[in-house]
Amino acid sequence: MTIDEELELLDSSLRRLKIEYDVYFGGGSKRPPNDTLWRVTSLIKKYGDSQKLTFTQRYKFNSMTQRYAIFSDLWRQKLKIKEEGYRRPQDALLAIAGMRTDEERAAQEALGAGTEEPDYSRIACSDVEQQGELVKAFYDRMMSEKQKVGEQAGAPFESFASFLKKKTEQIRRDFKCEAVEYSLEIQGSQVKLKAKPKTA
């Protein structure tokens with residue numbers, strides 16, 4: 001199985017794990033989904049420190065591990081409440097599948113469900129690889145703006161990320177700054193990328 005296939009397996013297993021936990025906490029299953037949980041955690045451990053992932057694969061993997069971390073924390077709370085019993089009214093609510101707590105709303109946002117697109121027309125970068133999600137959101141916003149003004153899409157994300165990485169390193173080195181602020185400006189029928197050193 002290739003790395004891409006295993007990342008697809010991790011993605012589908014993570015979604016299945018959420019459904020199985022929802023069923024378990026809703027009373028539809030007597031046992032927690034330990035088999036699916038083991039499959040997810042094994043794949044996360046396998047690629048957690050892997051140097052074999054490309055930039056795109058690393059971005060996808062990091063996105064999935066962040067989603068898993070949000071869900072895992074929520075499931076841990078629910079399991080504790082389920083084992084210890086409902087001592088407070090809010091505990092009972094937390095353990096019922098379908099109730100939207102702050103944690104579940106955060107998890108839904110991490111999955112990109114029903115959320116409005118934030119304003120990514122301006123970002124500050126210090127490490128493009130570490131800020132993969134932010135860079136991808138900025139790139140998507142740039143592509144959206146280009147489409148609006150009728151400009152051709154341009155370079156694929158991998159090329160853009162590579163360019164941004166080199167540009168960020170160069171500006172940080174030349175200006176001895178902590179980060180580089182990138183912004184999008186519409187000039188006529190073109191979307192321009194502006195960069196400036198950010199010291200604070």
# chains A, B, ... in the order shown; residues from 1 in each chain; ligands from 1

$ select_by_dssp --residues "stretch 2-189 of chain A" --states "helix (DSSP H, G or I)" --output "compact mmCIF listing (two decimals) with C-alpha atoms, in the first residue's frame"
# COMPACT_ATOMS: atom_id res chain seq x y z
CA ILE A 3 1.66 6.39 1.40
CA ASP A 4 -1.22 8.16 -0.40
CA GLU A 5 -3.40 5.06 -0.01
CA GLU A 6 -2.58 4.81 3.69
CA LEU A 7 -3.40 8.50 4.20
CA GLU A 8 -6.75 7.91 2.47
CA LEU A 9 -7.28 4.95 4.81
CA LEU A 10 -6.48 7.15 7.80
CA ASP A 11 -8.96 9.78 6.61
CA SER A 12 -11.78 7.26 6.12
CA SER A 13 -10.94 5.47 9.40
CA LEU A 14 -11.05 8.77 11.30
CA ARG A 15 -14.50 9.57 9.90
CA ARG A 16 -15.67 6.04 10.71
CA LEU A 17 -14.26 6.35 14.24
CA LYS A 18 -16.32 9.49 14.87
CA ILE A 19 -19.50 7.77 13.68
CA GLU A 20 -18.80 4.69 15.82
CA TYR A 21 -18.16 6.83 18.91
CA ASP A 22 -21.40 8.76 18.27
CA VAL A 23 -23.25 5.43 18.12
CA TYR A 24 -21.53 4.21 21.31
CA PHE A 25 -22.26 7.35 23.32
CA ASN A 34 -11.38 0.01 19.99
CA ASP A 35 -10.53 -1.72 16.69
CA THR A 36 -11.04 1.42 14.61
CA LEU A 37 -9.27 3.50 17.27
CA TRP A 38 -6.25 1.16 17.10
CA ARG A 39 -6.17 1.46 13.30
CA VAL A 40 -6.20 5.28 13.48
CA THR A 41 -3.57 5.57 16.23
CA SER A 42 -1.29 3.04 14.49
CA LEU A 43 -1.27 5.05 11.26
CA ILE A 44 -0.72 8.32 13.15
CA LYS A 45 2.26 6.79 15.00
CA LYS A 46 3.63 5.35 11.76
CA TYR A 47 3.80 8.71 9.99
CA GLY A 48 4.22 11.02 12.99
CA PHE A 55 4.90 18.68 1.53
CA THR A 56 1.34 17.92 0.33
CA GLN A 57 1.21 14.61 2.20
CA ARG A 58 2.55 16.25 5.38
CA TYR A 59 -0.11 18.99 5.13
CA LYS A 60 -2.87 16.39 4.75
CA PHE A 61 -1.47 14.27 7.60
CA ASN A 62 -1.18 17.26 9.97
CA SER A 63 -4.74 18.29 9.19
CA MET A 64 -6.02 14.83 10.09
CA THR A 65 -3.99 14.59 13.31
CA GLN A 66 -5.36 17.96 14.44
CA ARG A 67 -8.90 16.73 13.84
CA TYR A 68 -8.12 13.54 15.74
CA ALA A 69 -6.68 15.51 18.69
CA ILE A 70 -9.87 17.59 18.98
CA PHE A 71 -12.12 14.54 18.83
CA SER A 72 -9.89 12.49 21.13
CA ASP A 73 -10.11 15.08 23.89
CA LEU A 74 -13.92 15.16 23.60
CA TRP A 75 -14.18 11.36 23.64
CA ARG A 76 -11.92 11.18 26.70
CA GLN A 77 -14.25 13.54 28.58
CA LYS A 78 -17.32 11.58 27.53
CA LEU A 79 -15.76 8.24 28.54
CA LYS A 80 -14.87 9.61 31.96
CA ILE A 81 -18.42 10.85 32.49
CA LYS A 82 -19.87 7.55 31.23
CA GLU A 83 -17.70 5.55 33.66
CA GLU A 84 -18.19 7.81 36.69
CA PRO A 89 -26.90 17.99 34.59
CA GLN A 90 -24.32 19.29 32.11
CA ASP A 91 -22.51 15.93 32.31
CA ALA A 92 -25.61 14.15 31.08
CA LEU A 93 -25.89 16.58 28.20
CA LEU A 94 -22.24 16.11 27.26
CA ALA A 95 -22.64 12.34 27.06
CA ASP A 102 -18.22 23.89 22.48
CA GLU A 103 -15.84 20.98 21.90
CA GLU A 104 -18.11 19.40 19.32
CA ARG A 105 -18.55 22.73 17.52
CA ALA A 106 -14.76 23.05 17.40
CA ALA A 107 -14.54 19.53 16.01
CA GLN A 108 -17.15 20.31 13.35
CA GLU A 109 -15.21 23.43 12.38
CA ALA A 110 -12.06 21.32 12.08
CA LEU A 111 -13.93 19.10 9.64
CA GLY A 132 0.82 24.45 6.11
CA GLU A 133 -2.90 24.86 6.82
CA LEU A 134 -2.65 28.64 6.98
CA VAL A 135 -0.67 28.77 3.73
CA LYS A 136 -3.19 26.46 2.02
CA ALA A 137 -6.08 28.68 3.16
CA PHE A 138 -4.24 31.77 1.87
CA TYR A 139 -3.58 30.02 -1.46
CA ASP A 140 -7.25 29.01 -1.75
CA ARG A 141 -8.28 32.59 -1.09
CA MET A 142 -5.87 33.84 -3.75
CA MET A 143 -7.27 31.33 -6.29
CA SER A 144 -10.80 32.45 -5.41
CA GLU A 145 -9.90 36.12 -5.95
CA LYS A 146 -8.20 35.31 -9.26
CA GLN A 147 -11.34 33.55 -10.41
CA LYS A 148 -13.47 36.55 -9.47
CA VAL A 149 -11.42 38.96 -11.60
CA PHE A 157 -0.29 24.76 -4.50
CA GLU A 158 2.97 22.80 -4.21
CA SER A 159 4.82 25.34 -6.38
CA PHE A 160 3.25 28.27 -4.53
CA ALA A 161 4.21 26.80 -1.13
CA SER A 162 7.78 26.23 -2.33
CA PHE A 163 7.98 29.83 -3.61
CA LEU A 164 6.55 31.18 -0.35
CA LYS A 165 9.03 29.16 1.69
CA LYS A 166 12.02 30.56 -0.23
CA LYS A 167 10.63 34.10 -0.18
CA THR A 168 9.95 33.95 3.57
CA GLU A 169 13.45 32.65 4.32
CA GLN A 170 15.02 35.33 2.11
CA ILE A 171 13.08 38.25 3.64
CA ARG A 172 13.64 37.00 7.20
CA ARG A 173 17.36 36.72 6.47
CA ASP A 174 17.65 40.09 4.70
CA PHE A 175 15.56 42.10 7.17

$ closest_residue --among "A:Ser126, A:Lys198, A:Gly27, A:Ser50" --to "A:Glu181" --atoms "only C-alpha atoms"
A:Lys198

$ closest_residue --among "A:Met1, A:Val128, A:Ile186, A:Ala195" --to "A:Gly150" --atoms "only C-alpha atoms"
A:Ile186

$ select_by_dssp --residues "stretch 106-185 of chain A" --states "strand (DSSP E or B)" --output "JSON, numbers by chain"
{"A": [122, 123, 124, 125, 179, 180, 181, 182, 183, 184, 185]}

$ write_last_selection --atoms "N, CA, C and O atoms" --output "PDB file, in the first residue's frame"
ATOM      1  N   ARG A 122      -4.779  38.099   4.238  1.00  0.00           N
ATOM      2  CA  ARG A 122      -3.545  38.612   4.849  1.00  0.00           C
ATOM      3  C   ARG A 122      -3.070  37.606   5.891  1.00  0.00           C
ATOM      4  O   ARG A 122      -3.827  37.220   6.781  1.00  0.00           O
ATOM      5  N   ILE A 123      -1.829  37.138   5.767  1.00  0.00           N
ATOM      6  CA  ILE A 123      -1.276  36.193   6.745  1.00  0.00           C
ATOM      7  C   ILE A 123       0.152  36.592   7.104  1.00  0.00           C
ATOM      8  O   ILE A 123       0.817  37.309   6.350  1.00  0.00           O
ATOM      9  N   ALA A 124       0.617  36.113   8.243  1.00  0.00           N
ATOM     10  CA  ALA A 124       2.007  36.311   8.663  1.00  0.00           C
ATOM     11  C   ALA A 124       2.676  34.949   8.725  1.00  0.00           C
ATOM     12  O   ALA A 124       2.197  34.038   9.395  1.00  0.00           O
ATOM     13  N   CYS A 125       3.786  34.792   8.015  1.00  0.00           N
ATOM     14  CA  CYS A 125       4.488  33.506   7.941  1.00  0.00           C
ATOM     15  C   CYS A 125       5.881  33.602   8.544  1.00  0.00           C
ATOM     16  O   CYS A 125       6.619  34.556   8.276  1.00  0.00           O
ATOM     17  N   ALA A 179       8.908  37.365  11.116  1.00  0.00           N
ATOM     18  CA  ALA A 179       7.945  36.794  10.166  1.00  0.00           C
ATOM     19  C   ALA A 179       7.792  37.714   8.957  1.00  0.00           C
ATOM     20  O   ALA A 179       8.305  38.842   8.948  1.00  0.00           O
ATOM     21  N   VAL A 180       7.082  37.217   7.957  1.00  0.00           N
ATOM     22  CA  VAL A 180       6.812  37.991   6.747  1.00  0.00           C
ATOM     23  C   VAL A 180       5.294  38.070   6.570  1.00  0.00           C
ATOM     24  O   VAL A 180       4.600  37.057   6.662  1.00  0.00           O
ATOM     25  N   GLU A 181       4.806  39.276   6.362  1.00  0.00           N
ATOM     26  CA  GLU A 181       3.369  39.453   6.174  1.00  0.00           C
ATOM     27  C   GLU A 181       3.049  39.468   4.683  1.00  0.00           C
ATOM     28  O   GLU A 181       3.608  40.257   3.931  1.00  0.00           O
ATOM     29  N   TYR A 182       2.163  38.582   4.280  1.00  0.00           N
ATOM     30  CA  TYR A 182       1.727  38.502   2.890  1.00  0.00           C
ATOM     31  C   TYR A 182       0.280  38.990   2.800  1.00  0.00           C
ATOM     32  O   TYR A 182      -0.537  38.704   3.676  1.00  0.00           O
ATOM     33  N   SER A 183      -0.014  39.719   1.739  1.00  0.00           N
ATOM     34  CA  SER A 183      -1.381  40.203   1.551  1.00  0.00           C
ATOM     35  C   SER A 183      -1.735  40.166   0.072  1.00  0.00           C
ATOM     36  O   SER A 183      -0.852  40.141  -0.793  1.00  0.00           O
ATOM     37  N   LEU A 184      -3.027  40.122  -0.185  1.00  0.00           N
ATOM     38  CA  LEU A 184      -3.528  40.103  -1.557  1.00  0.00           C
ATOM     39  C   LEU A 184      -4.109  41.462  -1.906  1.00  0.00           C
ATOM     40  O   LEU A 184      -4.877  42.022  -1.128  1.00  0.00           O
ATOM     41  N   GLU A 185      -3.733  41.994  -3.060  1.00  0.00           N
ATOM     42  CA  GLU A 185      -4.277  43.261  -3.525  1.00  0.00           C
ATOM     43  C   GLU A 185      -4.770  43.098  -4.950  1.00  0.00           C
ATOM     44  O   GLU A 185      -4.088  42.519  -5.793  1.00  0.00           O
TER      45      GLU A 185
END
